[in-house]
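Comments concern the structure below.
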Amino acid sequence: MIIERTFGARGLGAALLIGAGVGVIAGCATTQVNVQWSDPQFAGRSLRGERVLVVCDAPDIAIRNICQDQVAAEVRVSGATPVISADAGLTVGPPPANDKTLAAARAAGAKAILGSTIGPDVTVVSPGSSVGFGLGGFGGSGGTVTGGSVGIGFPIGGGQATTGYTANMVLTDVATVRVMWTSKVTAPGSQNVGAQIGDLARVGVEAARTAGFF
């Protein structure tokens, strides 16, 4: 009887631990805004109907171009007019690094610059690696629990390296060269990088819209 009660307590604890583990994995499985900030002096400033220069910094040309196309599409849906410069040398960074970007924005009649810096956030490189949860003192394998131990494992990567990307987005007022809003958005690891960039653009611009800028 004592053994049964002890096992029941272990089983309950294991169930709670498994639930927490599933929550951790699920929490990492969606593209989300990790943090954002907006300047209260620009509260109520909407860019709907205005021109916005879209610029992306990325590890390679393909990701940069995908980023600019996806962000521009989201800006258009939000009611502003996106502008993408033909100059591939434009950067997101603050002045004086982005003087060319500011000049391009002014030449295009853009009221703001929406810059996105894309980079890897988390990479899983170990083939066949997994995240596991268990309750000590007992053992289990092959889906069989022995001696009363309860555990659960989650495979990661499926034997291939997968990278989750992040986007640091900055909305800059062209007239004052001040940051109006900024955020960090992260996506879960996936072999489909293009889809990740699309999700980052959608979630990031949606956050800017919720903040009142579109």
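All residue names refer to the structure tokens as shown: chains lettered A, B, ... in order, residues numbered from 1 in each chain, ligands numbered from 1 in order.
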Which polymer residues have any atom within 8 Å of an atom of segment 46-58 of chain A, counting only C-alpha atoms, with same-chain residues fewer than 2 positions away left out, as an mmCIF file with C-alpha atoms, in the first residue's frame?
data_model
loop_
_atom_site.group_PDB
_atom_site.id
_atom_site.type_symbol
_atom_site.label_atom_id
_atom_site.label_comp_id
_atom_site.auth_asym_id
_atom_site.auth_seq_id
_atom_site.Cartn_x
_atom_site.Cartn_y
_atom_site.Cartn_z
ATOM 1 C CA GLY A 44 -0.733 58.534 -32.149
ATOM 2 C CA ASP A 60 23.221 36.830 -47.490
ATOM 3 C CA ILE A 61 21.568 38.488 -50.464
ATOM 4 C CA ILE A 63 17.596 36.352 -47.183
ATOM 5 C CA ARG A 64 17.908 40.139 -47.467
ATOM 6 C CA ASN A 65 15.769 40.252 -50.599
ATOM 7 C CA CYS A 67 13.046 40.006 -46.021
ATOM 8 C CA GLN A 68 12.525 43.239 -47.949
ATOM 9 C CA VAL A 71 8.183 43.300 -44.965
ATOM 10 C CA ALA A 72 7.091 45.494 -47.883
ATOM 11 C CA SER A 78 -1.137 47.791 -43.155
ATOM 12 C CA GLY A 79 -2.116 50.782 -45.284
ATOM 13 C CA ALA A 80 1.243 52.430 -45.984
ATOM 14 C CA THR A 81 3.205 52.562 -49.249
ATOM 15 C CA PRO A 82 6.464 50.572 -49.052
ATOM 16 C CA VAL A 83 9.534 51.702 -50.958
ATOM 17 C CA ILE A 84 12.519 49.439 -51.686
ATOM 18 C CA SER A 85 15.650 51.156 -52.940
ATOM 19 C CA LEU A 90 21.736 50.648 -47.681
ATOM 20 C CA THR A 91 22.063 49.662 -44.021
ATOM 21 C CA VAL A 92 19.796 49.600 -40.979
ATOM 22 C CA ALA A 105 14.383 57.803 -47.782
ATOM 23 C CA ALA A 108 11.830 58.780 -52.143
ATOM 24 C CA GLY A 109 9.619 61.048 -50.050
ATOM 25 C CA ALA A 110 9.419 58.461 -47.267
ATOM 26 C CA LYS A 111 8.304 59.617 -43.834
ATOM 27 C CA ALA A 112 9.864 56.665 -42.031
ATOM 28 C CA ILE A 113 12.372 53.854 -42.424
ATOM 29 C CA LEU A 114 11.467 50.340 -41.320
ATOM 30 C CA GLY A 115 14.740 48.492 -40.917
ATOM 31 C CA SER A 116 15.079 44.797 -40.075
ATOM 32 C CA THR A 117 18.303 43.061 -39.098
ATOM 33 C CA ILE A 118 17.986 39.318 -39.697
ATOM 34 C CA GLY A 119 20.304 36.846 -38.012
ATOM 35 C CA GLY A 212 -0.432 52.451 -33.460
ATOM 36 C CA PHE A 213 2.078 53.179 -36.231
ATOM 37 C CA PHE A 214 0.001 51.718 -39.081
#
Practice problem: Go through A:Ala29, A:Ala88, A:Val35, A:Val193 one by one, measure the shortest atom-to-atom distance of each to Met169 of chain A using only C-alpha atoms, and give the residue with the smallest value. | Solution: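 Smallest distance to Met169 of chain A is found for A:Val35.
Of the residues listed (A:Val174, A:Ala208, A:Ala195, A:Leu200), A:Val174 shows the shortest atom-to-atom separation from Ala107 of chain A; distances use only C-alpha atoms.
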Practice problem: Have a look at atom CA of Val170 of chain A and atom CA of Thr182 of chain A and let me know their distance in Å, one decimal. | Solution: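 Value for the atom CA of Val170 of chain A-atom CA of Thr182 of chain A distance: 4.4 Å.
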Exercise. Please provide as a PyMOL selection string all residues within 8 Å of Arg202 of chain A, with the sequence filter that same-chain residues fewer than 4 positions apart are discarded (counting only C-alpha atoms).
Key: chain A and resi 70-71+74+198+206
Self-check item: atom CA of Gly164 of chain A to atom CA of Val122 of chain A, distance in Å rounded to a single decimal
Solution: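 Going from atom CA of Gly164 of chain A over to atom CA of Val122 of chain A, I get 5.1 Å.
We find atom CA of Arg106 of chain A and atom CA of Val205 of chain A to be spaced 21.7 Å apart.
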Compile a residue-level contact table for segment 57-100 of chain A against segment 176-181 of chain A at a cut-off of 12 Å, reporting for every qualifying residue the shortest atom pair and its distance in Å to one decimal, with only C-alpha atoms counted, rows ordered by chain and ascending number, as JSON lines.
{"residue": "A:Val92", "atom": "CA", "partner": "A:Val179", "partner_atom": "CA", "distance": 11.7}
{"residue": "A:Gly93", "atom": "CA", "partner": "A:Val179", "partner_atom": "CA", "distance": 11.2}
{"residue": "A:Pro94", "atom": "CA", "partner": "A:Val177", "partner_atom": "CA", "distance": 8.7}
{"residue": "A:Pro95", "atom": "CA", "partner": "A:Val177", "partner_atom": "CA", "distance": 8.4}
{"residue": "A:Pro96", "atom": "CA", "partner": "A:Val177", "partner_atom": "CA", "distance": 10.9}
{"residue": "A:Asn98", "atom": "CA", "partner": "A:Val177", "partner_atom": "CA", "distance": 10.5}
{"residue": "A:Asp99", "atom": "CA", "partner": "A:Val177", "partner_atom": "CA", "distance": 10.2}
Output all heavy atoms for every residue in that selection, as a JSON list (two decimals), in the first residue's frame.
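Contents of the output file part_39.json:
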[["chain", "number", "residue", "atom", "x", "y", "z"],
["A", 92, "VAL", "N", 20.81, 49.31, -42.00],
["A", 92, "VAL", "CA", 19.80, 49.60, -40.98],
["A", 92, "VAL", "C", 20.37, 50.44, -39.85],
["A", 92, "VAL", "O", 19.65, 51.20, -39.21],
["A", 92, "VAL", "CB", 19.22, 48.28, -40.42],
["A", 92, "VAL", "CG1", 18.26, 48.53, -39.28],
["A", 92, "VAL", "CG2", 18.52, 47.51, -41.54],
["A", 93, "GLY", "N", 21.67, 50.32, -39.59],
["A", 93, "GLY", "CA", 22.29, 50.94, -38.42],
["A", 93, "GLY", "C", 22.07, 52.42, -38.25],
["A", 93, "GLY", "O", 21.65, 53.11, -39.18],
["A", 94, "PRO", "N", 22.35, 52.97, -37.07],
["A", 94, "PRO", "CA", 22.14, 54.39, -36.78],
["A", 94, "PRO", "C", 23.15, 55.27, -37.51],
["A", 94, "PRO", "O", 24.17, 54.77, -37.99],
["A", 94, "PRO", "CB", 22.34, 54.47, -35.26],
["A", 94, "PRO", "CG", 23.29, 53.34, -34.97],
["A", 94, "PRO", "CD", 22.92, 52.25, -35.91],
["A", 95, "PRO", "N", 22.87, 56.57, -37.61],
["A", 95, "PRO", "CA", 23.83, 57.49, -38.23],
["A", 95, "PRO", "C", 25.16, 57.43, -37.48],
["A", 95, "PRO", "O", 25.16, 57.20, -36.26],
["A", 95, "PRO", "CB", 23.17, 58.86, -38.08],
["A", 95, "PRO", "CG", 21.71, 58.56, -37.89],
["A", 95, "PRO", "CD", 21.67, 57.25, -37.15],
["A", 96, "PRO", "N", 26.29, 57.64, -38.16],
["A", 96, "PRO", "CA", 26.41, 57.98, -39.58],
["A", 96, "PRO", "C", 26.43, 56.77, -40.51],
["A", 96, "PRO", "O", 26.52, 56.92, -41.72],
["A", 96, "PRO", "CB", 27.74, 58.71, -39.64],
["A", 96, "PRO", "CG", 28.56, 58.04, -38.58],
["A", 96, "PRO", "CD", 27.60, 57.72, -37.47],
["A", 98, "ASN", "N", 24.14, 54.85, -41.51],
["A", 98, "ASN", "CA", 23.03, 54.76, -42.45],
["A", 98, "ASN", "C", 22.70, 56.09, -43.11],
["A", 98, "ASN", "O", 21.56, 56.34, -43.48],
["A", 98, "ASN", "CB", 21.78, 54.19, -41.75],
["A", 98, "ASN", "CG", 21.19, 55.18, -40.74],
["A", 98, "ASN", "OD1", 21.85, 56.12, -40.33],
["A", 98, "ASN", "ND2", 19.96, 54.96, -40.36],
["A", 99, "ASP", "N", 23.70, 56.96, -43.28],
["A", 99, "ASP", "CA", 23.47, 58.25, -43.95],
["A", 99, "ASP", "C", 22.90, 58.04, -45.35],
["A", 99, "ASP", "O", 22.03, 58.79, -45.80],
["A", 99, "ASP", "CB", 24.76, 59.06, -44.01],
["A", 99, "ASP", "CG", 25.10, 59.71, -42.66],
["A", 99, "ASP", "OD1", 24.22, 59.73, -41.79],
["A", 99, "ASP", "OD2", 26.24, 60.17, -42.50]]
